[in-house]
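As structure tokens, the structure follows; a few thoughts come after it.
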Amino acid sequence: MASKLIIALALGLLAGAATAYVTLNVTDPSTPQATQTAGRPAIGGPFSLTDTAGQRRTEKDFAGKPMLVFFGFTNCPDVCPSGLQTLTVALNELGEKANQISTLFITLDPERDTAAALGQYVKSFHPNIQGLTGTPDEIQAAIKAYRVYAVKVPDEKDPTRYNIDHSSFFYLMNANGAYTKHFPHSTDANALAKAIAAAL
Ligand code: NI
């Protein structure tokens, strides 16, 4: 019984992931104009979150500069650290130009990623990467705005632990906060640096 349930759950998750992936691709063609729906970008939008110093930050604080937005969580075993490492290499490659873009790492795990925990975590990557957390509702609103797929998955062996299954794209937004393009977390650092440079 238990294994059947687990298989059913796993299939459900896979179906969910596939749907989210397909949805993102359908609503996210390479032509930026096509992502506009009634004048509003399909990806991105207002958010109200807390930075690692405990200060309230909204999209207005980042206006006037392009923005690269990445969602994840500090307990992520591999996807998030490798994505952030790629971003670090790309920002290092950009040198001083890295200051011309805001790079935001928004947590998908507000319960464990407090401002302090997130601050500790982002410190190990490029200094320009800013961590943002918030209440579960605030994080949920940001997840919805960026069309991120994120599902909590309980640890089978230890019910007190959990993982988060999530899509992981870098979203490149222009200085007006409008979606420009996205890259998978596995993107090449050099390609990412070039795309950022082209957006400045
Ligand atoms: Ni992750």
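All residue names refer to the structure tokens as shown: chains lettered A, B, ... in order, residues numbered from 1 in each chain, ligands numbered from 1 in order.
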Could you report the residues within 8 Å of ligand 1, using only C-alpha atoms and all ligand atoms, as a PDB file with all heavy atoms, in the first residue's frame?
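Below you can see result_9.pdb, which holds the result:
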ATOM      1  N   PHE A  71      15.093  32.050  -7.946  1.00  0.00           N
ATOM      2  CA  PHE A  71      14.399  31.535  -6.762  1.00  0.00           C
ATOM      3  C   PHE A  71      15.051  30.234  -6.303  1.00  0.00           C
ATOM      4  O   PHE A  71      15.472  29.425  -7.133  1.00  0.00           O
ATOM      5  CB  PHE A  71      12.934  31.230  -7.096  1.00  0.00           C
ATOM      6  CG  PHE A  71      12.061  32.446  -7.250  1.00  0.00           C
ATOM      7  CD1 PHE A  71      12.095  33.189  -8.428  1.00  0.00           C
ATOM      8  CD2 PHE A  71      11.208  32.843  -6.232  1.00  0.00           C
ATOM      9  CE1 PHE A  71      11.276  34.307  -8.574  1.00  0.00           C
ATOM     10  CE2 PHE A  71      10.392  33.955  -6.372  1.00  0.00           C
ATOM     11  CZ  PHE A  71      10.417  34.685  -7.553  1.00  0.00           C
ATOM     12  N   GLY A  72      15.095  30.003  -5.002  1.00  0.00           N
ATOM     13  CA  GLY A  72      15.657  28.759  -4.498  1.00  0.00           C
ATOM     14  C   GLY A  72      15.584  28.729  -2.989  1.00  0.00           C
ATOM     15  O   GLY A  72      14.823  29.480  -2.388  1.00  0.00           O
ATOM     16  N   PHE A  73      16.382  27.882  -2.366  1.00  0.00           N
ATOM     17  CA  PHE A  73      16.381  27.810  -0.901  1.00  0.00           C
ATOM     18  C   PHE A  73      17.733  27.305  -0.408  1.00  0.00           C
ATOM     19  O   PHE A  73      18.435  26.581  -1.117  1.00  0.00           O
ATOM     20  CB  PHE A  73      15.219  26.947  -0.393  1.00  0.00           C
ATOM     21  CG  PHE A  73      15.278  25.484  -0.761  1.00  0.00           C
ATOM     22  CD1 PHE A  73      15.454  24.515   0.228  1.00  0.00           C
ATOM     23  CD2 PHE A  73      15.142  25.068  -2.064  1.00  0.00           C
ATOM     24  CE1 PHE A  73      15.488  23.171  -0.085  1.00  0.00           C
ATOM     25  CE2 PHE A  73      15.185  23.712  -2.399  1.00  0.00           C
ATOM     26  CZ  PHE A  73      15.353  22.773  -1.401  1.00  0.00           C
ATOM     27  N   THR A  74      18.097  27.732   0.784  1.00  0.00           N
ATOM     28  CA  THR A  74      19.458  27.483   1.264  1.00  0.00           C
ATOM     29  C   THR A  74      19.758  26.002   1.528  1.00  0.00           C
ATOM     30  O   THR A  74      20.916  25.611   1.495  1.00  0.00           O
ATOM     31  CB  THR A  74      19.768  28.281   2.543  1.00  0.00           C
ATOM     32  OG1 THR A  74      18.945  27.798   3.595  1.00  0.00           O
ATOM     33  CG2 THR A  74      19.527  29.763   2.362  1.00  0.00           C
ATOM     34  N   ASN A  75      18.714  25.200   1.802  1.00  0.00           N
ATOM     35  CA  ASN A  75      18.954  23.770   2.033  1.00  0.00           C
ATOM     36  C   ASN A  75      18.972  22.959   0.749  1.00  0.00           C
ATOM     37  O   ASN A  75      19.066  21.738   0.788  1.00  0.00           O
ATOM     38  CB  ASN A  75      17.879  23.202   2.959  1.00  0.00           C
ATOM     39  CG  ASN A  75      18.100  23.580   4.402  1.00  0.00           C
ATOM     40  OD1 ASN A  75      18.821  22.905   5.145  1.00  0.00           O
ATOM     41  ND2 ASN A  75      17.525  24.700   4.817  1.00  0.00           N
ATOM     42  N   CYS A  76      18.877  23.623  -0.396  1.00  0.00           N
ATOM     43  CA  CYS A  76      18.847  22.920  -1.682  1.00  0.00           C
ATOM     44  C   CYS A  76      20.155  22.144  -1.859  1.00  0.00           C
ATOM     45  O   CYS A  76      21.239  22.715  -1.731  1.00  0.00           O
ATOM     46  CB  CYS A  76      18.662  23.916  -2.818  1.00  0.00           C
ATOM     47  SG  CYS A  76      18.510  23.127  -4.424  1.00  0.00           S
ATOM     48  N   PRO A  77      20.059  20.834  -2.133  1.00  0.00           N
ATOM     49  CA  PRO A  77      21.280  20.033  -2.211  1.00  0.00           C
ATOM     50  C   PRO A  77      22.204  20.349  -3.384  1.00  0.00           C
ATOM     51  O   PRO A  77      23.414  20.271  -3.243  1.00  0.00           O
ATOM     52  CB  PRO A  77      20.761  18.597  -2.281  1.00  0.00           C
ATOM     53  CG  PRO A  77      19.356  18.703  -2.750  1.00  0.00           C
ATOM     54  CD  PRO A  77      18.842  20.030  -2.295  1.00  0.00           C
ATOM     55  N   ASP A  78      21.663  20.683  -4.554  1.00  0.00           N
ATOM     56  CA  ASP A  78      22.588  20.907  -5.679  1.00  0.00           C
ATOM     57  C   ASP A  78      22.184  21.990  -6.667  1.00  0.00           C
ATOM     58  O   ASP A  78      23.023  22.779  -7.076  1.00  0.00           O
ATOM     59  CB  ASP A  78      22.845  19.587  -6.430  1.00  0.00           C
ATOM     60  CG  ASP A  78      21.570  18.806  -6.692  1.00  0.00           C
ATOM     61  OD1 ASP A  78      20.510  19.436  -6.857  1.00  0.00           O
ATOM     62  OD2 ASP A  78      21.631  17.563  -6.729  1.00  0.00           O
ATOM     63  N   VAL A  79      20.918  22.036  -7.061  1.00  0.00           N
ATOM     64  CA  VAL A  79      20.498  22.972  -8.114  1.00  0.00           C
ATOM     65  C   VAL A  79      20.789  24.435  -7.743  1.00  0.00           C
ATOM     66  O   VAL A  79      21.426  25.164  -8.510  1.00  0.00           O
ATOM     67  CB  VAL A  79      19.000  22.764  -8.452  1.00  0.00           C
ATOM     68  CG1 VAL A  79      18.459  23.900  -9.284  1.00  0.00           C
ATOM     69  CG2 VAL A  79      18.823  21.437  -9.186  1.00  0.00           C
ATOM     70  N   CYS A  80      20.343  24.848  -6.556  1.00  0.00           N
ATOM     71  CA  CYS A  80      20.545  26.244  -6.169  1.00  0.00           C
ATOM     72  C   CYS A  80      22.018  26.601  -6.016  1.00  0.00           C
ATOM     73  O   CYS A  80      22.463  27.605  -6.579  1.00  0.00           O
ATOM     74  CB  CYS A  80      19.768  26.588  -4.904  1.00  0.00           C
ATOM     75  SG  CYS A  80      18.003  26.514  -5.177  1.00  0.00           S
ATOM     76  N   PRO A  81      22.802  25.795  -5.255  1.00  0.00           N
ATOM     77  CA  PRO A  81      24.216  26.172  -5.154  1.00  0.00           C
ATOM     78  C   PRO A  81      24.923  26.197  -6.506  1.00  0.00           C
ATOM     79  O   PRO A  81      25.761  27.078  -6.755  1.00  0.00           O
ATOM     80  CB  PRO A  81      24.832  25.137  -4.212  1.00  0.00           C
ATOM     81  CG  PRO A  81      23.771  24.181  -3.869  1.00  0.00           C
ATOM     82  CD  PRO A  81      22.459  24.678  -4.365  1.00  0.00           C
ATOM     83  N   ILE A 164      12.380  20.910  -1.320  1.00  0.00           N
ATOM     84  CA  ILE A 164      11.462  21.669  -2.164  1.00  0.00           C
ATOM     85  C   ILE A 164      11.825  21.409  -3.617  1.00  0.00           C
ATOM     86  O   ILE A 164      12.956  21.656  -4.043  1.00  0.00           O
ATOM     87  CB  ILE A 164      11.503  23.183  -1.851  1.00  0.00           C
ATOM     88  CG1 ILE A 164      11.004  23.425  -0.418  1.00  0.00           C
ATOM     89  CG2 ILE A 164      10.641  23.960  -2.857  1.00  0.00           C
ATOM     90  CD1 ILE A 164      11.140  24.851   0.060  1.00  0.00           C
ATOM     91  N   ASP A 165      10.837  20.846  -4.300  1.00  0.00           N
ATOM     92  CA  ASP A 165      10.982  20.578  -5.724  1.00  0.00           C
ATOM     93  C   ASP A 165      10.674  21.892  -6.428  1.00  0.00           C
ATOM     94  O   ASP A 165       9.615  22.459  -6.189  1.00  0.00           O
ATOM     95  CB  ASP A 165       9.886  19.562  -6.071  1.00  0.00           C
ATOM     96  CG  ASP A 165      10.389  18.475  -6.943  1.00  0.00           C
ATOM     97  OD1 ASP A 165      11.601  18.229  -6.911  1.00  0.00           O
ATOM     98  OD2 ASP A 165       9.561  17.862  -7.645  1.00  0.00           O
ATOM     99  N   HIS A 166      11.583  22.370  -7.283  1.00  0.00           N
ATOM    100  CA  HIS A 166      11.275  23.681  -7.885  1.00  0.00           C
ATOM    101  C   HIS A 166      11.890  23.879  -9.262  1.00  0.00           C
ATOM    102  O   HIS A 166      12.896  23.265  -9.594  1.00  0.00           O
ATOM    103  CB  HIS A 166      11.727  24.802  -6.943  1.00  0.00           C
ATOM    104  CG  HIS A 166      13.211  24.886  -6.740  1.00  0.00           C
ATOM    105  ND1 HIS A 166      14.002  25.781  -7.417  1.00  0.00           N
ATOM    106  CD2 HIS A 166      14.054  24.192  -5.940  1.00  0.00           C
ATOM    107  CE1 HIS A 166      15.258  25.639  -7.030  1.00  0.00           C
ATOM    108  NE2 HIS A 166      15.322  24.672  -6.136  1.00  0.00           N
ATOM    109  N   SER A 167      11.258  24.746 -10.038  1.00  0.00           N
ATOM    110  CA  SER A 167      11.847  25.149 -11.317  1.00  0.00           C
ATOM    111  C   SER A 167      12.955  26.136 -10.966  1.00  0.00           C
ATOM    112  O   SER A 167      12.910  26.768  -9.913  1.00  0.00           O
ATOM    113  CB  SER A 167      10.788  25.817 -12.202  1.00  0.00           C
ATOM    114  OG  SER A 167      10.182  26.919 -11.550  1.00  0.00           O
ATOM    115  N   SER A 168      13.982  26.211 -11.806  1.00  0.00           N
ATOM    116  CA  SER A 168      15.094  27.104 -11.449  1.00  0.00           C
ATOM    117  C   SER A 168      15.618  27.818 -12.678  1.00  0.00           C
ATOM    118  O   SER A 168      16.485  27.297 -13.381  1.00  0.00           O
ATOM    119  CB  SER A 168      16.195  26.317 -10.751  1.00  0.00           C
ATOM    120  OG  SER A 168      16.533  25.199 -11.520  1.00  0.00           O
TER     121      SER A 168
END
Using the chain letters and numbers from this document, which residues of stretch 89-127 of chain A does DSSP assign to strand (DSSP E or B), as a VMD selection string?
-> chain A and resid 102 to 107
What's the 10 Å shell around stretch 110-112 of chain A, counting only C-alpha atoms, without same-chain residues fewer than 3 positions away, as number ranges by chain?
-> A: 73-75, 106-107, 115, 117-118, 132-140
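Proximity of A:Phe70, A:Phe169, A:Phe125, A:Phe105 to A:Asn92, computed with only C-alpha atoms, is greatest for A:Phe125.
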Shell around A:His126 at 8 Å using only C-alpha atoms, local window under 5 positions removed, as an MDAnalysis selection string | chainID A and resid 87:88 91:92
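For the choices A:Gln120, A:Ser186, A:Gln130, A:Asn99, the atom-to-atom distance to A:Gln55 is smallest for A:Gln130 when using only C-alpha atoms.
Selecting alpha helix (DSSP H) from the backbone DSSP output for stretch 93-181 of chain A yields Glu93, Leu94, Ala115, Ala116, Ala117, Leu118, Gly119, Gln120, Tyr121, Val122, Pro136, Asp137, Glu138, Ile139, Gln140, Ala141, Ala142, Ile143, Lys144 and Ala145 of chain A.
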At a cut-off of 7 Å, using only C-alpha atoms, what residues contact A:Ala193? Leave out same-chain residues fewer than 6 positions from it and give the result as a compact mmCIF listing (two decimals) with C-alpha atoms, in the first residue's frame.
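What landed in around-v3.txt:
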# COMPACT_ATOMS: atom_id res chain seq x y z
CA ALA A 90 29.27 35.39 -14.57
CA LEU A 91 29.32 38.41 -12.23
CA GLU A 93 33.49 37.97 -15.43
CA LEU A 94 31.54 41.26 -15.68
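We find atom CA of A:Asp188 and atom CA of A:Ala63 to be spaced 26.8 Å apart.
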Would you mind listing what lies within 9 Å of A:Lys60 as a PyMOL selection string, with only C-alpha atoms counted and same-chain residues fewer than 4 positions away left out?
-> chain A and resi 46-47+64+177
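Among the candidates A:Leu108, A:Ile101, A:Ala189, A:Met173, the residue lying nearest to A:Val151 is A:Leu108 (atoms considered: only C-alpha atoms).
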